Structures are given as C-alpha cells and as structure tokens.
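Q: This is entry29.cif, which holds mmCIF, C-alpha atoms and all ligand atoms:
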```
data_entry
loop_
_atom_site.label_atom_id
_atom_site.label_comp_id
_atom_site.auth_asym_id
_atom_site.auth_seq_id
_atom_site.Cartn_x
_atom_site.Cartn_y
_atom_site.Cartn_z
CA MET A 11 -53.35 119.72 -265.14
CA ASN A 12 -53.94 121.43 -261.86
CA PRO A 13 -51.04 123.83 -261.46
CA GLU A 14 -51.73 124.05 -257.71
CA ASN A 15 -50.52 120.50 -257.22
CA ARG A 16 -47.27 120.65 -259.12
CA LEU A 17 -44.44 118.62 -257.77
CA VAL A 18 -42.16 121.58 -258.44
CA GLY A 19 -44.56 124.21 -257.09
CA ALA A 20 -42.91 126.25 -254.34
CA GLU A 21 -46.16 126.98 -252.50
CA THR A 22 -47.64 124.48 -250.09
CA ASP A 23 -51.03 123.02 -250.62
CA GLY A 24 -52.73 124.10 -247.40
CA GLU A 25 -55.02 121.06 -247.61
CA ASP A 26 -52.22 118.54 -247.67
CA ALA A 27 -51.88 117.47 -244.04
CA ASP A 28 -49.25 114.92 -244.99
CA GLU A 29 -46.94 117.49 -246.47
CA GLN A 30 -47.42 119.79 -243.51
CA ALA A 31 -46.51 117.05 -241.08
CA VAL A 32 -43.37 116.15 -243.03
CA GLU A 33 -42.40 119.82 -243.31
CA ALA A 34 -42.72 120.26 -239.57
CA ALA A 35 -40.56 117.19 -238.99
CA LEU A 36 -37.88 118.43 -241.38
CA ARG A 37 -37.68 122.00 -240.04
CA PRO A 38 -34.32 122.95 -238.60
CA LYS A 39 -34.87 124.00 -234.97
CA GLN A 40 -31.78 126.11 -234.38
CA LEU A 41 -29.88 128.72 -236.32
CA GLY A 42 -26.85 126.42 -236.47
CA GLU A 43 -28.94 123.78 -238.24
CA PHE A 44 -30.29 126.24 -240.80
CA ILE A 45 -28.54 125.67 -244.13
CA GLY A 46 -27.51 128.42 -246.53
CA GLN A 47 -28.48 132.10 -246.41
CA PRO A 48 -25.09 132.92 -244.83
CA LYS A 49 -25.70 136.69 -244.70
CA VAL A 50 -29.11 136.36 -243.11
CA ARG A 51 -27.80 133.84 -240.60
CA GLU A 52 -24.87 136.02 -239.60
CA GLN A 53 -26.98 139.14 -239.24
CA LEU A 54 -29.76 137.40 -237.37
CA ASP A 55 -27.26 135.72 -235.09
CA LEU A 56 -25.95 139.15 -234.07
CA VAL A 57 -29.43 140.55 -233.50
CA LEU A 58 -30.42 137.61 -231.31
CA ARG A 59 -27.15 137.39 -229.38
CA ALA A 60 -27.24 141.09 -228.59
CA ALA A 61 -30.83 140.89 -227.41
CA ARG A 62 -30.04 137.90 -225.21
CA ALA A 63 -27.02 139.67 -223.75
CA ARG A 64 -29.17 142.67 -222.88
CA GLY A 65 -31.75 140.35 -221.41
CA GLY A 66 -34.34 142.07 -223.54
CA THR A 67 -36.53 141.17 -226.46
CA ALA A 68 -35.18 141.13 -230.00
CA ASP A 69 -35.99 143.87 -232.50
CA HIS A 70 -38.84 143.27 -234.91
CA VAL A 71 -37.73 141.18 -237.88
CA LEU A 72 -39.08 141.18 -241.41
CA LEU A 73 -38.43 138.08 -243.51
CA SER A 74 -38.92 138.57 -247.21
CA GLY A 75 -38.48 135.98 -249.92
CA ALA A 76 -40.11 133.59 -252.35
CA PRO A 77 -42.27 130.70 -251.08
CA GLY A 78 -40.51 127.69 -249.58
CA LEU A 79 -37.20 129.39 -248.75
CA GLY A 80 -37.53 129.08 -244.99
CA LYS A 81 -39.39 132.10 -243.61
CA THR A 82 -41.69 130.14 -241.31
CA THR A 83 -38.74 128.00 -240.30
CA LEU A 84 -36.67 131.06 -239.37
CA SER A 85 -39.50 132.58 -237.35
CA MET A 86 -39.62 129.45 -235.22
CA ILE A 87 -35.85 129.48 -234.90
CA ILE A 88 -35.98 133.08 -233.65
CA ALA A 89 -38.39 132.08 -230.89
CA ALA A 90 -36.37 129.00 -230.01
CA GLU A 91 -33.11 130.94 -229.89
CA MET A 92 -34.70 133.53 -227.62
CA GLY A 93 -36.26 130.83 -225.45
CA ALA A 94 -39.58 132.55 -226.07
CA PRO A 95 -43.02 131.22 -226.92
CA ILE A 96 -44.34 131.90 -230.40
CA ARG A 97 -47.80 132.90 -231.55
CA ILE A 98 -48.57 132.26 -235.20
CA THR A 99 -51.10 134.15 -237.27
CA SER A 100 -51.35 135.64 -240.74
CA GLY A 101 -52.41 138.81 -242.50
CA PRO A 102 -55.52 137.30 -244.08
CA ALA A 103 -56.63 135.98 -240.67
CA ILE A 104 -56.74 139.52 -239.30
CA GLN A 105 -59.85 141.05 -240.80
CA HIS A 106 -60.45 143.80 -238.26
CA ALA A 107 -58.23 145.89 -236.04
CA GLY A 108 -60.06 144.28 -233.12
CA ASP A 109 -58.70 140.86 -234.11
CA LEU A 110 -55.20 142.23 -233.87
CA ALA A 111 -55.90 144.03 -230.59
CA ALA A 112 -57.09 140.76 -229.07
CA ILE A 113 -53.90 138.99 -230.10
CA LEU A 114 -51.57 141.80 -229.03
CA SER A 115 -53.18 142.25 -225.64
CA SER A 116 -52.83 138.57 -224.83
CA LEU A 117 -49.10 138.35 -225.62
CA GLN A 118 -46.67 137.47 -222.87
CA GLU A 119 -43.55 139.49 -222.26
CA GLY A 120 -40.89 138.56 -224.82
CA GLU A 121 -43.23 136.47 -226.91
CA VAL A 122 -42.63 136.19 -230.66
CA LEU A 123 -45.61 137.09 -232.78
CA PHE A 124 -45.27 135.56 -236.24
CA LEU A 125 -47.38 137.38 -238.79
CA ASP A 126 -47.26 135.45 -242.04
CA GLU A 127 -48.31 137.12 -245.31
CA ILE A 128 -48.11 140.44 -243.54
CA HIS A 129 -48.74 142.27 -246.83
CA ARG A 130 -52.30 140.95 -246.80
CA MET A 131 -53.37 142.61 -243.56
CA SER A 132 -56.22 145.12 -243.58
CA ARG A 133 -55.37 148.84 -243.48
CA PRO A 134 -56.88 149.58 -240.01
CA ALA A 135 -55.03 146.60 -238.51
CA GLU A 136 -51.85 147.84 -240.13
CA GLU A 137 -52.20 151.22 -238.51
CA MET A 138 -52.76 149.66 -235.13
CA LEU A 139 -49.65 147.58 -235.68
CA TYR A 140 -47.51 150.71 -236.28
CA MET A 141 -48.17 151.94 -232.78
CA ALA A 142 -47.86 148.51 -231.21
CA MET A 143 -44.46 147.97 -232.83
CA GLU A 144 -43.10 151.38 -231.92
CA ASP A 145 -44.55 152.15 -228.51
CA PHE A 146 -45.89 148.77 -227.35
CA ARG A 147 -49.27 150.36 -227.01
CA VAL A 148 -52.62 150.11 -228.78
CA ASP A 149 -55.66 152.30 -228.70
CA VAL A 150 -58.75 150.22 -228.28
CA ILE A 151 -61.78 152.04 -229.67
CA VAL A 152 -64.86 151.66 -227.56
CA GLY A 153 -68.26 152.67 -228.91
CA LYS A 154 -69.23 154.02 -232.31
CA GLY A 155 -69.69 157.40 -233.97
CA PRO A 156 -69.11 160.70 -232.14
CA GLY A 157 -69.28 159.01 -228.73
CA ALA A 158 -66.43 156.61 -229.50
CA THR A 159 -63.42 156.85 -227.24
CA ALA A 160 -59.94 155.46 -227.54
CA ILE A 161 -58.66 153.60 -224.49
CA PRO A 162 -54.89 153.25 -224.51
CA LEU A 163 -53.63 149.81 -223.60
CA GLU A 164 -50.04 149.08 -222.63
CA LEU A 165 -48.51 145.97 -224.18
CA PRO A 166 -45.64 143.87 -222.89
CA PRO A 167 -42.53 144.10 -225.10
CA PHE A 168 -42.70 141.49 -227.85
CA THR A 169 -40.91 140.65 -231.07
CA LEU A 170 -42.88 140.87 -234.26
CA VAL A 171 -41.64 138.58 -237.01
CA GLY A 172 -43.35 139.45 -240.28
CA ALA A 173 -43.05 137.29 -243.37
CA THR A 174 -43.85 138.30 -246.91
CA THR A 175 -43.34 136.99 -250.41
CA ARG A 176 -44.04 140.51 -251.69
CA ALA A 177 -41.93 143.01 -249.75
CA GLY A 178 -42.68 145.62 -252.41
CA LEU A 179 -46.34 145.61 -251.39
CA LEU A 180 -45.59 146.66 -247.81
CA PRO A 181 -46.32 150.31 -247.07
CA PRO A 182 -43.06 152.11 -246.22
CA PRO A 183 -44.19 153.12 -242.70
CA LEU A 184 -44.62 149.43 -241.86
CA ARG A 185 -41.35 148.40 -243.48
CA ASP A 186 -39.51 151.14 -241.56
CA ARG A 187 -40.66 149.84 -238.20
CA PHE A 188 -38.72 146.61 -238.51
CA GLY A 189 -35.30 146.78 -236.91
CA PHE A 190 -33.96 144.14 -239.23
CA THR A 191 -35.03 142.90 -242.65
CA ALA A 192 -33.78 139.59 -243.96
CA HIS A 193 -33.91 139.08 -247.72
CA MET A 194 -33.93 135.37 -248.42
CA GLU A 195 -32.31 134.33 -251.69
CA PHE A 196 -32.76 131.19 -253.72
CA TYR A 197 -30.35 128.47 -252.59
CA GLU A 198 -27.22 127.35 -254.37
CA PRO A 199 -27.16 123.73 -255.60
CA ALA A 200 -24.49 122.85 -253.01
CA GLU A 201 -26.72 124.18 -250.23
CA LEU A 202 -29.67 122.18 -251.52
CA GLU A 203 -27.49 119.09 -251.51
CA GLN A 204 -26.98 119.68 -247.81
CA VAL A 205 -30.72 120.11 -247.35
CA VAL A 206 -31.29 116.79 -249.14
CA HIS A 207 -28.68 115.00 -247.02
CA ARG A 208 -30.08 116.41 -243.80
CA SER A 209 -33.67 115.49 -244.70
CA ALA A 210 -32.66 112.05 -245.95
CA GLN A 211 -31.03 111.39 -242.60
CA LEU A 212 -34.18 112.44 -240.74
CA LEU A 213 -36.31 110.30 -243.04
CA GLU A 214 -33.83 107.45 -242.61
CA VAL A 215 -33.21 106.90 -246.29
CA HIS A 216 -29.70 106.30 -247.54
CA THR A 217 -28.66 108.81 -250.18
CA ASP A 218 -25.49 108.76 -252.25
CA PRO A 219 -23.73 112.09 -252.75
CA ALA A 220 -24.49 111.83 -256.49
CA GLY A 221 -28.15 111.13 -255.73
CA ALA A 222 -28.33 114.30 -253.66
CA VAL A 223 -26.70 116.28 -256.49
CA GLU A 224 -29.33 114.98 -258.89
CA ILE A 225 -32.23 116.00 -256.63
CA ALA A 226 -30.69 119.36 -255.70
CA GLY A 227 -30.21 120.30 -259.35
CA ARG A 228 -33.92 119.87 -260.04
CA SER A 229 -35.17 121.74 -256.98
CA ARG A 230 -35.34 125.26 -258.39
CA GLY A 231 -33.27 126.77 -255.61
CA THR A 232 -35.98 125.95 -253.07
CA PRO A 233 -35.63 123.69 -250.00
CA ARG A 234 -39.35 122.90 -249.95
CA ILE A 235 -39.11 121.49 -253.48
CA ALA A 236 -35.92 119.59 -252.61
CA ASN A 237 -37.71 117.91 -249.70
CA ARG A 238 -40.70 117.06 -251.86
CA LEU A 239 -38.61 115.58 -254.67
CA LEU A 240 -36.63 113.62 -252.11
CA ARG A 241 -39.82 111.95 -250.88
CA ARG A 242 -40.90 110.98 -254.38
CA VAL A 243 -37.46 109.61 -255.18
CA ARG A 244 -37.50 107.67 -251.93
CA ASP A 245 -40.79 106.02 -252.96
CA TYR A 246 -39.29 105.06 -256.28
CA ALA A 247 -36.12 103.69 -254.71
CA GLN A 248 -38.19 101.59 -252.32
CA VAL A 249 -40.47 100.17 -254.99
CA LYS A 250 -38.04 99.76 -257.88
CA GLY A 251 -34.70 99.43 -256.14
CA ASP A 252 -33.14 98.55 -252.82
CA GLY A 253 -34.21 101.77 -251.14
CA VAL A 254 -30.92 103.54 -251.68
CA ILE A 255 -31.03 106.83 -253.56
CA THR A 256 -28.34 106.90 -256.23
CA ARG A 257 -27.87 109.20 -259.18
CA GLU A 258 -29.61 106.64 -261.37
CA THR A 259 -32.65 106.12 -259.12
CA ALA A 260 -33.05 109.88 -258.62
CA ALA A 261 -32.88 110.57 -262.35
CA ALA A 262 -35.21 107.68 -263.23
CA ALA A 263 -37.74 108.64 -260.54
CA LEU A 264 -37.84 112.27 -261.58
CA GLU A 265 -38.23 111.24 -265.18
CA VAL A 266 -41.37 109.37 -264.14
CA TYR A 267 -42.61 112.55 -262.48
CA GLU A 268 -41.61 114.63 -265.51
CA VAL A 269 -39.20 116.89 -263.68
CA ASP A 270 -36.25 117.45 -265.99
CA ALA A 271 -32.57 117.97 -265.21
CA ARG A 272 -33.08 121.67 -264.64
CA GLY A 273 -36.29 121.37 -262.63
CA LEU A 274 -38.71 122.12 -265.47
CA ASP A 275 -41.93 120.12 -265.37
CA ARG A 276 -44.43 119.14 -268.03
CA LEU A 277 -46.07 122.57 -268.14
CA ASP A 278 -42.77 124.45 -268.35
CA ARG A 279 -41.57 122.19 -271.14
CA ALA A 280 -44.86 122.49 -272.99
CA VAL A 281 -44.59 126.29 -272.93
CA LEU A 282 -40.96 126.30 -274.05
CA GLY A 283 -41.63 123.60 -276.63
CA ALA A 284 -44.49 125.57 -278.19
CA LEU A 285 -42.48 128.79 -278.18
CA LEU A 286 -39.59 127.09 -279.95
CA LYS A 287 -41.30 124.65 -282.29
CA LEU A 288 -44.46 126.54 -283.25
CA PHE A 289 -43.22 130.11 -283.15
CA GLY A 290 -39.56 129.75 -284.00
CA GLY A 291 -38.57 131.14 -280.61
CA GLY A 292 -40.89 134.14 -280.76
CA PRO A 293 -41.69 136.89 -280.25
CA VAL A 294 -45.23 135.64 -279.71
CA GLY A 295 -48.05 137.06 -277.62
CA LEU A 296 -48.98 135.50 -274.31
CA SER A 297 -52.54 134.65 -275.40
CA THR A 298 -51.34 132.84 -278.50
CA LEU A 299 -48.80 130.91 -276.50
CA ALA A 300 -51.44 129.94 -273.93
CA VAL A 301 -53.82 128.68 -276.64
CA ALA A 302 -50.99 126.69 -278.19
CA VAL A 303 -50.38 124.79 -274.95
CA GLY A 304 -54.06 124.54 -274.06
CA GLU A 305 -53.75 126.46 -270.79
CA GLU A 306 -55.17 129.66 -269.38
CA ARG A 307 -53.19 132.85 -269.94
CA GLU A 308 -52.80 133.23 -266.17
CA THR A 309 -51.42 129.72 -265.81
CA VAL A 310 -48.74 130.38 -268.38
CA GLU A 311 -47.94 133.84 -267.05
CA GLU A 312 -48.03 133.16 -263.32
CA VAL A 313 -47.21 129.48 -262.99
CA ALA A 314 -44.78 128.66 -265.78
CA GLU A 315 -43.09 131.89 -266.79
CA PRO A 316 -41.53 133.20 -263.58
CA PHE A 317 -39.16 130.25 -263.32
CA LEU A 318 -38.42 130.22 -267.06
CA VAL A 319 -37.53 133.92 -266.88
CA ARG A 320 -35.44 133.40 -263.74
CA GLU A 321 -33.55 130.60 -265.46
CA GLY A 322 -32.84 132.80 -268.47
CA LEU A 323 -34.81 130.54 -270.81
CA LEU A 324 -37.55 132.98 -271.73
CA ALA A 325 -37.77 136.76 -271.94
CA ARG A 326 -40.83 138.98 -271.80
CA THR A 327 -40.44 141.77 -274.35
CA PRO A 328 -42.84 144.48 -275.52
CA ARG A 329 -43.31 142.47 -278.73
CA GLY A 330 -44.07 139.22 -276.95
CA ARG A 331 -42.39 136.19 -275.43
CA VAL A 332 -38.96 135.30 -276.78
CA ALA A 333 -36.86 132.19 -276.20
CA THR A 334 -33.19 132.67 -275.36
CA PRO A 335 -30.35 130.63 -276.87
CA ALA A 336 -30.24 128.68 -273.60
CA ALA A 337 -33.82 127.54 -274.23
CA TRP A 338 -32.90 126.01 -277.59
CA ALA A 339 -29.95 124.26 -276.01
CA HIS A 340 -31.96 122.99 -273.05
CA MET A 341 -34.70 121.56 -275.27
CA GLY A 342 -32.13 119.99 -277.56
CA LEU A 343 -33.29 121.97 -280.60
CA THR A 344 -31.38 124.00 -283.16
CA PRO A 345 -32.37 127.63 -283.53
CA PRO A 346 -33.33 128.77 -287.03
CA GLN A 347 -30.57 130.35 -289.13
CA GLN A 348 -30.04 134.01 -288.32
CA PRO A 349 -30.20 136.18 -291.44
CA SER A 350 -26.55 137.15 -291.76
CA GLY A 351 -26.46 140.74 -292.92
CA PRO A 352 -23.47 143.05 -292.46
CA SER A 353 -24.77 144.00 -288.99
CA GLY A 354 -25.37 140.33 -288.31
CA SER A 355 -27.40 140.97 -285.21
CA SER A 356 -31.07 141.15 -286.18
CA SER A 357 -33.32 138.80 -284.27
CA ALA A 358 -34.95 135.77 -285.85
CA ALA A 359 -38.10 136.72 -287.74
CA PRO A 360 -41.14 134.68 -286.75
CA GLY A 361 -42.51 132.49 -289.47
CA GLY A 362 -39.35 132.65 -291.53
CA PRO A 363 -38.38 129.77 -293.78
CA GLY A 364 -36.55 126.70 -292.64
CA GLN A 365 -37.81 126.60 -289.11
CA PRO A 366 -37.77 123.22 -287.48
CA GLY A 367 -41.09 121.68 -286.68
CA LEU A 368 -43.21 124.60 -287.83
CA PHE A 369 -45.96 122.28 -288.98
CA GLY A 370 -44.83 119.24 -287.13
CA ALA A 371 -45.82 119.69 -283.50
N1 LIG B 401 -32.27 126.69 -244.64
C1 LIG B 401 -32.96 125.55 -244.58
N2 LIG B 401 -32.36 124.42 -244.19
C2 LIG B 401 -33.04 123.26 -244.17
N3 LIG B 401 -34.34 123.13 -244.49
C3 LIG B 401 -34.99 124.21 -244.87
C4 LIG B 401 -34.35 125.48 -244.93
N4 LIG B 401 -35.23 126.39 -245.34
C5 LIG B 401 -36.38 125.75 -245.54
N5 LIG B 401 -36.26 124.43 -245.26
C6 LIG B 401 -37.30 123.42 -245.38
O1 LIG B 401 -38.19 123.82 -246.41
C7 LIG B 401 -39.55 123.70 -246.00
C8 LIG B 401 -40.26 125.00 -246.28
O2 LIG B 401 -39.77 126.03 -245.44
P1 LIG B 401 -40.73 127.16 -244.84
O3 LIG B 401 -42.07 126.58 -244.54
O4 LIG B 401 -40.01 127.78 -243.71
O5 LIG B 401 -40.81 128.15 -246.07
P2 LIG B 401 -41.57 129.57 -246.14
O6 LIG B 401 -40.56 130.54 -246.62
O7 LIG B 401 -42.25 129.86 -244.87
O8 LIG B 401 -42.63 129.31 -247.29
P3 LIG B 401 -44.04 130.08 -247.53
O9 LIG B 401 -43.71 131.37 -248.23
O10 LIG B 401 -44.80 129.16 -248.45
O11 LIG B 401 -44.70 130.25 -246.22
C9 LIG B 401 -39.54 123.30 -244.54
O12 LIG B 401 -39.98 121.99 -244.42
C10 LIG B 401 -38.10 123.34 -244.11
O13 LIG B 401 -37.78 122.15 -243.47
MG MG B 402 -44.29 129.98 -244.42
#
```
Is it possible to express this structure as structure tokens?

A:
Amino acid sequence: MNPENRLVGAETDGEDADEQAVEAALRPKQLGEFIGQPKVREQLDLVLRAARARGGTADHVLLSGAPGLGKTTLSMIIAAEMGAPIRITSGPAIQHAGDLAAILSSLQEGEVLFLDEIHRMSRPAEEMLYMAMEDFRVDVIVGKGPGATAIPLELPPFTLVGATTRAGLLPPPLRDRFGFTAHMEFYEPAELEQVVHRSAQLLEVHTDPAGAVEIAGRSRGTPRIANRLLRRVRDYAQVKGDGVITRETAAAALEVYEVDARGLDRLDRAVLGALLKLFGGGPVGLSTLAVAVGEERETVEEVAEPFLVREGLLARTPRGRVATPAAWAHMGLTPPQQPSGPSGSSSAAPGGPGQPGLFGA
C-alpha cells in the first residue's frame, strides 16, 4: 500500500486538487464558526479584540499542532477577523534570506503573513525574521565579501502567523518572539460530530445524529479525517442507499474502506495483528515486526505506530514493541495466560506455550 494515500492519514496529499478544493469550501471563515479548541478560541478572541480596539495590528501568533487540526484555517480566520489581507508562504519555500526580504518588504500595513511549516525555514532567513518580528525592520545586504553593506529597511507593522507541526524544533529565540502561542489539541468525539454535521450541511447531504457519531469515532481526533470519511460515506450512501447517512450506512461504508470502529486502517490492524498473533503481544523488535507485516521499518514506525501509541494500544519499550491489554480487547483476541507466581505481575514471555495463533497467521 502507499501510506501517503491513506484514508485516515492526517496529512494532505499536495497533489490532490479535489481534496484541496473541498477543504477550502469546508473551512470555517470566522472564529465563531470554528469548532472545538475552546482555550485557543478564547485566548485568540482576546488577542484579536484587543488589537482591533487599539486600532493596531495583532501580535505575532504561533500555531502548533498535529496535521489537519486547523492551523491553516485559523490563520485565515485571524486575517478575516482583523479585516486584513493575508499572504501565504511556507518555510520550505524560503530558501534564501533574500526571498524573505522580498516578501516582507512588499507587505501592506496590517497584513497577515502566514508562514506554514515555519520550522523548515533556512537559518539566515530565520535570523532576518527575528529582527522583522521585533523591530519591523530588515537589513538588506548589498554586495558580497568585505565590500558588502547592510541597508536597513523599515517595514510596515504586520502580523506573523507561524504554523508548525513540530514546535520543539523551533529555536527558542524564534519561539520567544511570538506574542501568543496556540497549542492545538486533538478533538473530542463530540466536537468532531459537530464538524461532521457542519460539513454535511455545506455538502448538502443529510446526516443522522448516529451517522455523525459513527464517522466522528473513526476520525482519530482530526477534522481533516472527519471531512474525508464523510465524503466517502456520502458516496456509499448515494450508491447503495437513499443518500442519507445513518449509523448503518456509515459503518458499512467504512468497513468497505477498512477503517475500523476506532479509526484503525488496514496497516494499523496488520501491525497490531502481527504483534498479537505472531509474537504473543511482544516485546518484539521493530525490524522483525516490519518484516512480519511486509512493510518498511519506517512505514511501521512513522505511519502506523504514532496513532497506536496515542490510543494506548501499543507501547515502545527498550526491549521492543509491546501490545497493551486494550490491544487484545480491540482485536477481539485473548491474551496468553500470565504466569501466576506469588508476585503475579511478570509480563508475558514471548514464545511461551499456549499462545493463540502462534503458527496460524
Ligand atoms: N475547528 C474546526 N472546525 C471545523 N472544521 C475544521 C476545524 N479545524 C479544521 N477543520 C477542517 O479540517 C480541514 C483541515 O484543516 P487545516 O487545513 O486548517 O489543518 P492544518 O492544521 O493546517 O493541517 P496541516 O498541518 O496539514 O497544514 C479543513 O478543511 C477545515 O475545514
Ligand atoms: Mg495547513
């Protein structure tokens, strides 16, 4: 399988113009329409209200959080709420400090500059950004070698909105220059239900409350995934049913797409299944596990495991990967008998007798 194109992948496929168009159409435009993240919404609301009341520009904002949680959406909301234009660029697009200087010097007063993947900017650009953020000034270097001179250039006040999935990779001097940092959390199922209802309304597809519950529960805490699953379920409901999304159509559709009740897909289930059935729940090394499911080490480690760990189904230990009791329950399997000594707490030994399916997978 190509892990890039997973239905439950939180990243977007940059090539998929269809998905981008739908995402744009489904983006909340105002803070009041933005679902969930109550802390972030409240804090941001204060920052923006205060700036509007002063008639100034808002402080620089850093948005940190996993893919698909709404960082790009919030950046656009910030601009809309400030009645300001927005310029969108990204860390990888800024190769040289000169690229950044060109962007900064063409900003209008009050404009929002959205810098996506800010942790991937080059070091010289980063240093130019420090000064721009703090003093609204850049030094443009003219010439090379000993004859080079720095020409200071005043910038109009602007609001930088940086987004990152890896806040830990940001150098502290950069992090410190943001007036406000929003940490986006994964969404609660009830919030994702609201996302599903809102999107269903925009897509003009009738969704039962129970249908929304079913989709929300499989969306891994991520609105982008909820919207994607909704579209697949809609297709199914149109082809196989009367177009209405009920609990039954949602469950049947997502069974076709191999997304289980907890949002695990084929790869996730293959990894868990191998860990449980072939290795008695572990501990087993990553390489062995990867061979057992016929995938690359990296695929197992970077694509499947993060969600399994987050869900408390799998643990990474110094001795290898270990399944938790929740993993056995979720896969409908019985864990091997624990050796019941007086301490009663030793972990299951790999390869012990009486393990289910040891030779049967
Ligand atoms: N709070 C929300 N309410 C409703 N819809 C949301 C919310 N957050 C995100 N979405 C929807 O989820 C999709 C993805 O959001 P967005 O593109 O803002 O995520 P992101 O954090 O920028 O992801 P990435 O890290 O991949 O850039 C959008 O289509 C948007 O409509
Ligand atoms: Mg984004």

Q: Considering all atoms listed in the file, can you say which of A:Gly80, A:Gly295, A:Pro183, A:Pro162 comes closest to A:Glu21?

A: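 Ranked by minimum distance to A:Glu21, first place goes to A:Gly80.
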
Q: Can I get the residues close to ligand LIG 401 (chain B) as a PDB file with C-alpha atoms, in the coordinates of the input, where close means within 7 Å and we count all atoms listed in the file?

A:
```pdb
ATOM      1  CA  ALA A  20     -42.910 126.250-254.340  1.00  0.00           C
ATOM      2  CA  GLU A  21     -46.160 126.980-252.500  1.00  0.00           C
ATOM      3  CA  THR A  22     -47.640 124.480-250.090  1.00  0.00           C
ATOM      4  CA  VAL A  32     -43.370 116.150-243.030  1.00  0.00           C
ATOM      5  CA  GLU A  33     -42.400 119.820-243.310  1.00  0.00           C
ATOM      6  CA  ALA A  34     -42.720 120.260-239.570  1.00  0.00           C
ATOM      7  CA  LEU A  36     -37.880 118.430-241.380  1.00  0.00           C
ATOM      8  CA  ARG A  37     -37.680 122.000-240.040  1.00  0.00           C
ATOM      9  CA  PRO A  38     -34.320 122.950-238.600  1.00  0.00           C
ATOM     10  CA  GLU A  43     -28.940 123.780-238.240  1.00  0.00           C
ATOM     11  CA  PHE A  44     -30.290 126.240-240.800  1.00  0.00           C
ATOM     12  CA  ILE A  45     -28.540 125.670-244.130  1.00  0.00           C
ATOM     13  CA  GLY A  46     -27.510 128.420-246.530  1.00  0.00           C
ATOM     14  CA  GLN A  47     -28.480 132.100-246.410  1.00  0.00           C
ATOM     15  CA  GLY A  75     -38.480 135.980-249.920  1.00  0.00           C
ATOM     16  CA  ALA A  76     -40.110 133.590-252.350  1.00  0.00           C
ATOM     17  CA  PRO A  77     -42.270 130.700-251.080  1.00  0.00           C
ATOM     18  CA  GLY A  78     -40.510 127.690-249.580  1.00  0.00           C
ATOM     19  CA  LEU A  79     -37.200 129.390-248.750  1.00  0.00           C
ATOM     20  CA  GLY A  80     -37.530 129.080-244.990  1.00  0.00           C
ATOM     21  CA  LYS A  81     -39.390 132.100-243.610  1.00  0.00           C
ATOM     22  CA  THR A  82     -41.690 130.140-241.310  1.00  0.00           C
ATOM     23  CA  THR A  83     -38.740 128.000-240.300  1.00  0.00           C
ATOM     24  CA  LEU A  84     -36.670 131.060-239.370  1.00  0.00           C
ATOM     25  CA  THR A 175     -43.340 136.990-250.410  1.00  0.00           C
ATOM     26  CA  VAL A 205     -30.720 120.110-247.350  1.00  0.00           C
ATOM     27  CA  PRO A 233     -35.630 123.690-250.000  1.00  0.00           C
ATOM     28  CA  ARG A 234     -39.350 122.900-249.950  1.00  0.00           C
ATOM     29  CA  ASN A 237     -37.710 117.910-249.700  1.00  0.00           C
TER      30      ASN A 237
END
```

Q: Excluding A:Glu268 and residues on its chain fewer than 6 positions from it, collect all residues at most 10 Å away from it, counting only C-alpha atoms, and give them as a ChimeraX atom specification.

A: /A:17-18,262,274-277,279

Q: Identify which of the residues A:Ala339, A:Ala173, A:Val281, A:Leu54 lies closest to ligand MG 402 (chain B), counting all atoms listed in the file when measuring atom-to-atom distances.

A: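 That would be A:Ala173, the residue with the smallest distance to ligand MG 402 (chain B).
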
Q: For ligand MG 402 (chain B), which residue out of A:Gly172, A:Leu212, A:Met92, A:Val294 is the nearest one, using only C-alpha atoms and all ligand atoms?

A: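 Among the listed residues, the smallest separation from ligand MG 402 (chain B) belongs to A:Gly172.
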